[in-house]
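One file, final23.cif, carrying mmCIF, C-alpha atoms:
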```cif
data_work
loop_
_atom_site.label_atom_id
_atom_site.label_comp_id
_atom_site.auth_asym_id
_atom_site.auth_seq_id
_atom_site.Cartn_x
_atom_site.Cartn_y
_atom_site.Cartn_z
CA MET C 6 -136.70 -11.65 136.20
CA GLY C 7 -133.72 -9.43 136.54
CA PHE C 8 -131.72 -7.40 134.14
CA GLY C 9 -129.22 -10.28 133.51
CA SER C 10 -131.86 -12.76 132.49
CA ASN C 11 -133.27 -10.26 129.97
CA ILE C 12 -129.88 -10.08 128.27
CA PHE C 13 -129.63 -13.87 128.13
CA GLN C 14 -133.17 -14.16 126.83
CA GLN C 15 -132.46 -11.59 124.11
CA LEU C 16 -129.36 -13.62 123.09
CA GLY C 17 -131.39 -16.81 123.11
CA ILE C 18 -129.44 -18.44 125.95
CA GLY C 19 -131.35 -20.19 128.68
CA THR C 20 -130.42 -19.99 132.36
CA ASP C 21 -130.01 -23.75 132.55
CA LEU C 22 -127.17 -23.55 129.93
CA ILE C 23 -125.43 -20.86 131.98
CA VAL C 24 -125.65 -23.03 135.10
CA ILE C 25 -124.14 -25.99 133.21
CA ILE C 26 -121.24 -23.84 131.92
CA LEU C 27 -120.57 -22.44 135.38
CA LEU C 28 -120.71 -25.94 136.87
CA ALA C 29 -118.16 -27.16 134.27
CA LEU C 30 -115.84 -24.23 135.14
CA VAL C 31 -116.08 -25.08 138.86
CA ILE C 32 -115.22 -28.75 138.14
CA ILE C 33 -112.20 -27.69 136.02
CA GLN C 34 -111.05 -25.41 138.85
CA PHE C 35 -111.33 -28.29 141.35
CA ILE C 36 -109.21 -30.48 139.05
CA LEU C 37 -106.57 -27.74 138.70
CA ILE C 38 -106.53 -27.24 142.49
CA PHE C 39 -106.07 -31.01 142.98
CA VAL C 40 -103.14 -31.06 140.47
CA LEU C 41 -101.49 -28.06 142.15
CA LEU C 42 -101.90 -29.63 145.62
CA SER C 43 -100.35 -32.85 144.31
CA LYS C 44 -97.33 -30.99 142.86
CA TYR C 45 -97.01 -28.98 146.06
CA GLY C 46 -96.95 -32.20 148.09
CA LYS C 47 -94.18 -33.70 145.91
CA LEU C 48 -92.14 -30.50 146.12
CA ASN C 49 -92.62 -30.36 149.89
CA LYS C 50 -91.40 -33.98 150.21
CA ARG C 51 -88.29 -33.18 148.15
CA LEU C 52 -87.57 -30.11 150.28
CA SER C 53 -88.05 -32.13 153.48
CA LYS C 54 -85.66 -34.80 152.18
CA PHE C 55 -83.09 -32.13 151.27
CA THR C 56 -83.23 -30.39 154.63
CA THR C 57 -83.73 -33.43 156.90
CA GLY C 58 -81.14 -33.45 159.65
CA ASN C 59 -79.92 -29.99 158.75
CA ASP C 60 -81.03 -26.73 160.12
CA ALA C 61 -80.92 -23.61 157.99
CA ALA C 62 -77.53 -22.53 159.38
CA ASN C 63 -75.92 -25.90 158.53
CA LEU C 64 -77.42 -25.82 155.06
CA GLU C 65 -76.04 -22.33 154.52
CA GLU C 66 -72.58 -23.50 155.63
CA VAL C 67 -72.70 -26.41 153.19
CA ILE C 68 -73.67 -24.11 150.32
CA ILE C 69 -70.94 -21.60 151.21
CA LYS C 70 -68.39 -24.42 151.44
CA ARG C 71 -69.36 -25.70 147.98
CA PHE C 72 -69.08 -22.22 146.46
CA ASN C 73 -65.63 -21.80 148.03
CA GLU C 74 -64.59 -25.14 146.53
CA ILE C 75 -65.84 -24.00 143.11
CA ARG C 76 -63.85 -20.74 143.46
CA GLN C 77 -60.73 -22.78 144.31
CA VAL C 78 -61.24 -25.02 141.28
CA VAL C 79 -61.57 -21.96 139.01
CA LYS C 80 -58.44 -20.42 140.57
CA ASN C 81 -56.50 -23.68 140.05
CA GLU C 82 -57.67 -23.90 136.46
CA LYS C 83 -56.43 -20.36 135.75
CA ARG C 84 -53.05 -21.19 137.32
CA GLN C 85 -52.80 -24.42 135.32
CA ASN C 86 -53.71 -22.62 132.08
CA ASN C 87 -50.97 -20.09 132.81
CA ASP C 88 -48.49 -22.92 133.51
CA ILE C 89 -49.45 -24.61 130.22
CA LYS C 90 -48.91 -21.33 128.37
CA ILE C 91 -45.43 -20.97 129.90
CA ILE C 92 -44.58 -24.59 129.04
CA ASN C 93 -45.74 -24.09 125.46
CA GLU C 94 -43.59 -20.96 125.14
CA LYS C 95 -40.56 -22.83 126.54
CA PHE C 96 -41.27 -25.79 124.27
CA LEU C 97 -40.69 -23.59 121.22
CA THR C 98 -37.12 -22.93 122.41
CA THR C 99 -36.18 -26.43 123.59
CA PHE C 100 -34.59 -29.14 121.50
CA CYS C 101 -37.35 -31.55 120.59
CA LYS C 102 -36.16 -32.86 117.23
CA ILE C 103 -33.05 -35.02 117.10
CA GLY C 104 -31.19 -36.49 114.16
CA LEU C 105 -28.12 -38.73 114.58
CA VAL C 106 -25.87 -40.13 111.86
CA LYS C 107 -22.95 -42.38 112.84
CA TYR C 108 -20.19 -43.07 110.37
CA ASP C 109 -16.49 -43.73 109.85
CA ALA C 110 -14.89 -40.40 109.04
CA PHE C 111 -11.52 -41.85 108.01
CA LYS C 112 -10.68 -45.04 106.16
CA GLU C 113 -8.18 -46.18 108.78
CA MET C 114 -10.81 -45.97 111.56
CA SER C 115 -13.74 -48.32 111.95
CA GLY C 116 -16.43 -48.78 114.56
CA LYS C 117 -18.60 -45.82 113.56
CA LEU C 118 -17.06 -43.58 116.22
CA SER C 119 -17.69 -40.37 114.25
CA PHE C 120 -21.14 -38.79 114.28
CA SER C 121 -23.25 -35.79 113.36
CA LEU C 122 -25.99 -34.86 115.80
CA ALA C 123 -28.68 -32.34 114.87
CA LEU C 124 -30.67 -30.80 117.75
CA LEU C 125 -33.60 -28.63 116.63
CA THR C 126 -36.45 -26.71 118.22
CA GLU C 127 -40.04 -26.91 117.00
CA ASN C 128 -39.24 -23.99 114.63
CA HIS C 129 -36.25 -25.88 113.14
CA ASP C 130 -33.65 -23.72 114.85
CA GLY C 131 -30.75 -25.29 116.70
CA ILE C 132 -27.28 -26.78 116.29
CA ILE C 133 -25.45 -29.59 114.55
CA ILE C 134 -22.60 -31.16 116.51
CA THR C 135 -20.11 -33.18 114.51
CA SER C 136 -17.43 -35.30 116.08
CA MET C 137 -14.80 -36.99 113.91
CA HIS C 138 -12.52 -39.62 115.40
CA SER C 139 -9.10 -40.44 113.96
CA ARG C 140 -5.96 -42.10 115.27
CA GLU C 141 -4.52 -38.70 116.13
CA GLY C 142 -7.55 -37.55 118.15
CA CYS C 143 -11.10 -36.40 118.12
CA PHE C 144 -12.28 -33.22 116.44
CA THR C 145 -15.62 -31.70 117.39
CA TYR C 146 -17.45 -28.96 115.52
CA CYS C 147 -20.70 -27.13 116.17
CA LYS C 148 -22.71 -25.38 113.48
CA GLU C 149 -25.73 -23.18 114.08
CA VAL C 150 -29.03 -23.84 112.25
CA ASN C 151 -31.67 -21.17 111.67
CA ASN C 152 -34.97 -22.13 110.07
CA GLU C 153 -33.62 -25.38 108.59
CA GLU C 154 -30.51 -23.71 107.14
CA SER C 155 -26.94 -23.20 108.32
CA TYR C 156 -24.63 -20.32 107.48
CA TYR C 157 -21.84 -22.89 107.22
CA ILE C 158 -21.42 -25.49 104.52
CA LEU C 159 -22.77 -28.78 105.79
CA SER C 160 -21.12 -32.11 105.11
CA GLU C 161 -23.17 -34.98 103.68
CA GLU C 162 -23.52 -36.50 107.19
CA GLU C 163 -24.52 -33.16 108.76
CA ARG C 164 -27.16 -32.58 106.05
CA LEU C 165 -28.46 -36.11 106.62
CA ALA C 166 -28.62 -35.58 110.41
CA LEU C 167 -30.51 -32.31 109.81
CA ASN C 168 -32.98 -34.09 107.52
CA VAL C 169 -33.51 -36.85 110.09
CA ALA C 170 -34.24 -34.25 112.79
CA MET C 171 -36.69 -32.42 110.53
CA GLY C 172 -38.43 -35.69 109.67
CA THR C 173 -37.72 -35.46 105.96
CA ALA C 174 -39.12 -38.46 104.09
CA GLY C 175 -36.56 -41.24 103.74
CA ALA C 176 -33.92 -39.53 105.90
CA LYS C 177 -34.04 -42.07 108.75
CA GLU C 178 -33.71 -44.94 106.32
CA ALA C 179 -30.77 -43.26 104.58
CA ALA C 180 -29.04 -42.67 107.93
CA LYS C 181 -29.56 -46.29 108.96
CA GLU C 182 -28.26 -47.53 105.60
CA ARG C 183 -25.18 -45.31 105.94
CA GLU C 184 -24.54 -46.62 109.46
CA GLU C 185 -24.80 -50.24 108.30
CA ARG C 186 -22.34 -49.72 105.40
CA LYS C 187 -19.10 -51.61 105.77
CA PRO C 188 -16.00 -49.42 105.81
CA ASP C 189 -13.82 -49.45 102.75
CA ILE C 190 -10.41 -50.11 104.33
CA SER C 191 -7.52 -50.83 102.02
CA TYR C 192 -3.91 -50.74 103.23
#
```
Could you render the structure from this file as structure tokens?
Amino acid sequence: MGFGSNIFQQLGIGTDLIVIILLALVIIQFILIFVLLSKYGKLNKRLSKFTTGNDAANLEEVIIKRFNEIRQVVKNEKRQNNDIKIINEKFLTTFCKIGLVKYDAFKEMSGKLSFSLALLTENHDGIIITSMHSREGCFTYCKEVNNEESYYILSEEERLALNVAMGTAGAKEAAKEREERKPDISY
């Protein structure tokens, strides 16, 4: 008996137990090798499918083409985001809120030919255009609006048109009611 068997005998382990343990380890290694070979085969099939009909140069061209397309998409997105930013900045200075009130400015005139038109930006800045029709002619006025207020005194119709443009509760209904009112004409 050799030196190794003396150690095992001192520990109380027989050589037949060591052989069984080593045999179990060899079987486990064979199973692991079989699993790895199976996975390798599947991976090899996938790679063959991917590269079938293409040589390495063609595959490289396809990949480069796809990356160039991705770069172009990113470039287009940046340009579109910049365009959207410019549009949003312009939107703040364009008239996007409108209020219109039609009425008869003078008792002798009917047909609702007079009007007040409020044109406001998103920040409630803008103008109010008032046009009053009479038998003698048409008079048109323009008043500036800054942050929902005008430096000029506003008529009832101009204030109503401003409220309609700002979306004040009940303003549209009041304007419609005013427009539907019959003129009070007495000669």
Selection under test: the PyMOL selection byres ((chain C and resi 98-103) around 6); residues as a list in words: Lys95, Phe96, Leu97, Gly104, Ala123, Leu124, Leu125, Thr126 and Ala170 of chain C
So which one's closest to C:Lys117, C:Met137, C:Asp130, C:Ile25, C:Ile75? Using all atoms listed in the file, please.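 Selected residue with least distance to C:Lys117: C:Met137.
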Can you tell me which residues surround stretch 176-182 of chain C at a distance of at most 12 Å, considering all atoms listed in the file, apart from same-chain residues fewer than 2 positions away, and format the answer as a list in words?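 Result of the neighbour search: Ile103, Gly104, Leu105, Val106, Lys107, Tyr108, Lys117, Phe120, Ser121, Leu122, Glu161, Glu162, Glu163, Arg164, Leu165, Ala166, Leu167, Asn168, Val169, Ala170, Met171, Gly172, Thr173, Ala174, Glu184, Glu185, Arg186 and Lys187 of chain C.
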Mind giving me the straight-line distance from atom CA of C:Leu37 to atom CA of C:Leu22 in Å, one decimal?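 Those two atoms sit 22.8 Å apart.
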What separation in Å, quoted to one decimal, exists between atom CA of C:Glu141 and atom CA of C:Ile158? 24.4 Å
Can you turn the PyMOL selection byres ((chain C and resi 148) around 10) into a concrete residue list for this file, as a VMD selection string? chain C and resid 123 131 to 135 146 to 147 149 to 150 155 to 159 163
Which residue gives the smallest distance to C:Asn152 among C:Gln34, C:Ser43, C:Thr20, C:Asn128, with all atoms listed in the file counted? C:Asn128
How far is it from atom CA of C:Glu66 to atom CA of C:Glu82, in Å with one decimal?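 Value for the atom CA of C:Glu66-atom CA of C:Glu82 distance: 24.3 Å.
Nearest to C:His138 of all the residues C:Asp109, C:Asp88, C:Glu65, C:Asp21 is C:Asp109, counting only C-alpha atoms.
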Where atoms are missing, can you supply N, CA and C atoms for stretch 84-107 of chain C and output the lot as a CSV table (one decimal), in the frame of the given file?
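See out_1.csv below for the written result:
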```csv
chain,number,residue,atom,x,y,z
C,84,ARG,N,-54.5,-21.0,137.1
C,84,ARG,CA,-53.0,-21.2,137.3
C,84,ARG,C,-52.5,-22.3,136.4
C,85,GLN,N,-53.2,-23.3,136.2
C,85,GLN,CA,-52.8,-24.4,135.3
C,85,GLN,C,-52.7,-23.9,133.9
C,86,ASN,N,-53.7,-23.2,133.4
C,86,ASN,CA,-53.7,-22.6,132.1
C,86,ASN,C,-52.5,-21.7,131.9
C,87,ASN,N,-52.2,-20.9,132.9
C,87,ASN,CA,-51.0,-20.1,132.8
C,87,ASN,C,-49.7,-20.9,132.7
C,88,ASP,N,-49.6,-22.0,133.5
C,88,ASP,CA,-48.5,-22.9,133.5
C,88,ASP,C,-48.4,-23.6,132.1
C,89,ILE,N,-49.5,-24.0,131.6
C,89,ILE,CA,-49.4,-24.6,130.2
C,89,ILE,C,-49.0,-23.6,129.2
C,90,LYS,N,-49.4,-22.4,129.3
C,90,LYS,CA,-48.9,-21.3,128.4
C,90,LYS,C,-47.4,-21.1,128.5
C,91,ILE,N,-46.9,-21.1,129.7
C,91,ILE,CA,-45.4,-21.0,129.9
C,91,ILE,C,-44.7,-22.2,129.3
C,92,ILE,N,-45.2,-23.4,129.6
C,92,ILE,CA,-44.6,-24.6,129.0
C,92,ILE,C,-44.6,-24.6,127.5
C,93,ASN,N,-45.7,-24.2,126.9
C,93,ASN,CA,-45.7,-24.1,125.5
C,93,ASN,C,-44.7,-23.1,124.9
C,94,GLU,N,-44.6,-22.0,125.6
C,94,GLU,CA,-43.6,-21.0,125.1
C,94,GLU,C,-42.2,-21.5,125.3
C,95,LYS,N,-41.9,-22.2,126.4
C,95,LYS,CA,-40.6,-22.8,126.5
C,95,LYS,C,-40.3,-24.0,125.5
C,96,PHE,N,-41.4,-24.7,125.2
C,96,PHE,CA,-41.3,-25.8,124.3
C,96,PHE,C,-40.7,-25.3,122.9
C,97,LEU,N,-41.1,-24.1,122.5
C,97,LEU,CA,-40.7,-23.6,121.2
C,97,LEU,C,-39.2,-23.3,121.2
C,98,THR,N,-38.6,-23.2,122.4
C,98,THR,CA,-37.1,-22.9,122.4
C,98,THR,C,-36.3,-24.1,122.9
C,99,THR,N,-36.9,-25.3,123.1
C,99,THR,CA,-36.2,-26.4,123.6
C,99,THR,C,-36.0,-27.4,122.4
C,100,PHE,N,-34.9,-28.2,122.5
C,100,PHE,CA,-34.6,-29.1,121.5
C,100,PHE,C,-35.6,-30.3,121.6
C,101,CYS,N,-36.4,-30.5,120.6
C,101,CYS,CA,-37.4,-31.6,120.6
C,101,CYS,C,-37.2,-32.4,119.4
C,102,LYS,N,-36.4,-32.1,118.4
C,102,LYS,CA,-36.2,-32.9,117.2
C,102,LYS,C,-34.7,-33.2,117.2
C,103,ILE,N,-34.4,-34.5,117.0
C,103,ILE,CA,-33.0,-35.0,117.1
C,103,ILE,C,-32.8,-35.9,115.9
C,104,GLY,N,-31.6,-35.7,115.3
C,104,GLY,CA,-31.2,-36.5,114.2
C,104,GLY,C,-29.7,-36.9,114.4
C,105,LEU,N,-29.5,-38.2,114.3
C,105,LEU,CA,-28.1,-38.7,114.6
C,105,LEU,C,-27.7,-39.6,113.4
C,106,VAL,N,-26.5,-39.3,112.9
C,106,VAL,CA,-25.9,-40.1,111.9
C,106,VAL,C,-24.5,-40.5,112.3
C,107,LYS,N,-24.3,-41.8,112.4
C,107,LYS,CA,-23.0,-42.4,112.8
C,107,LYS,C,-22.2,-42.9,111.6
```
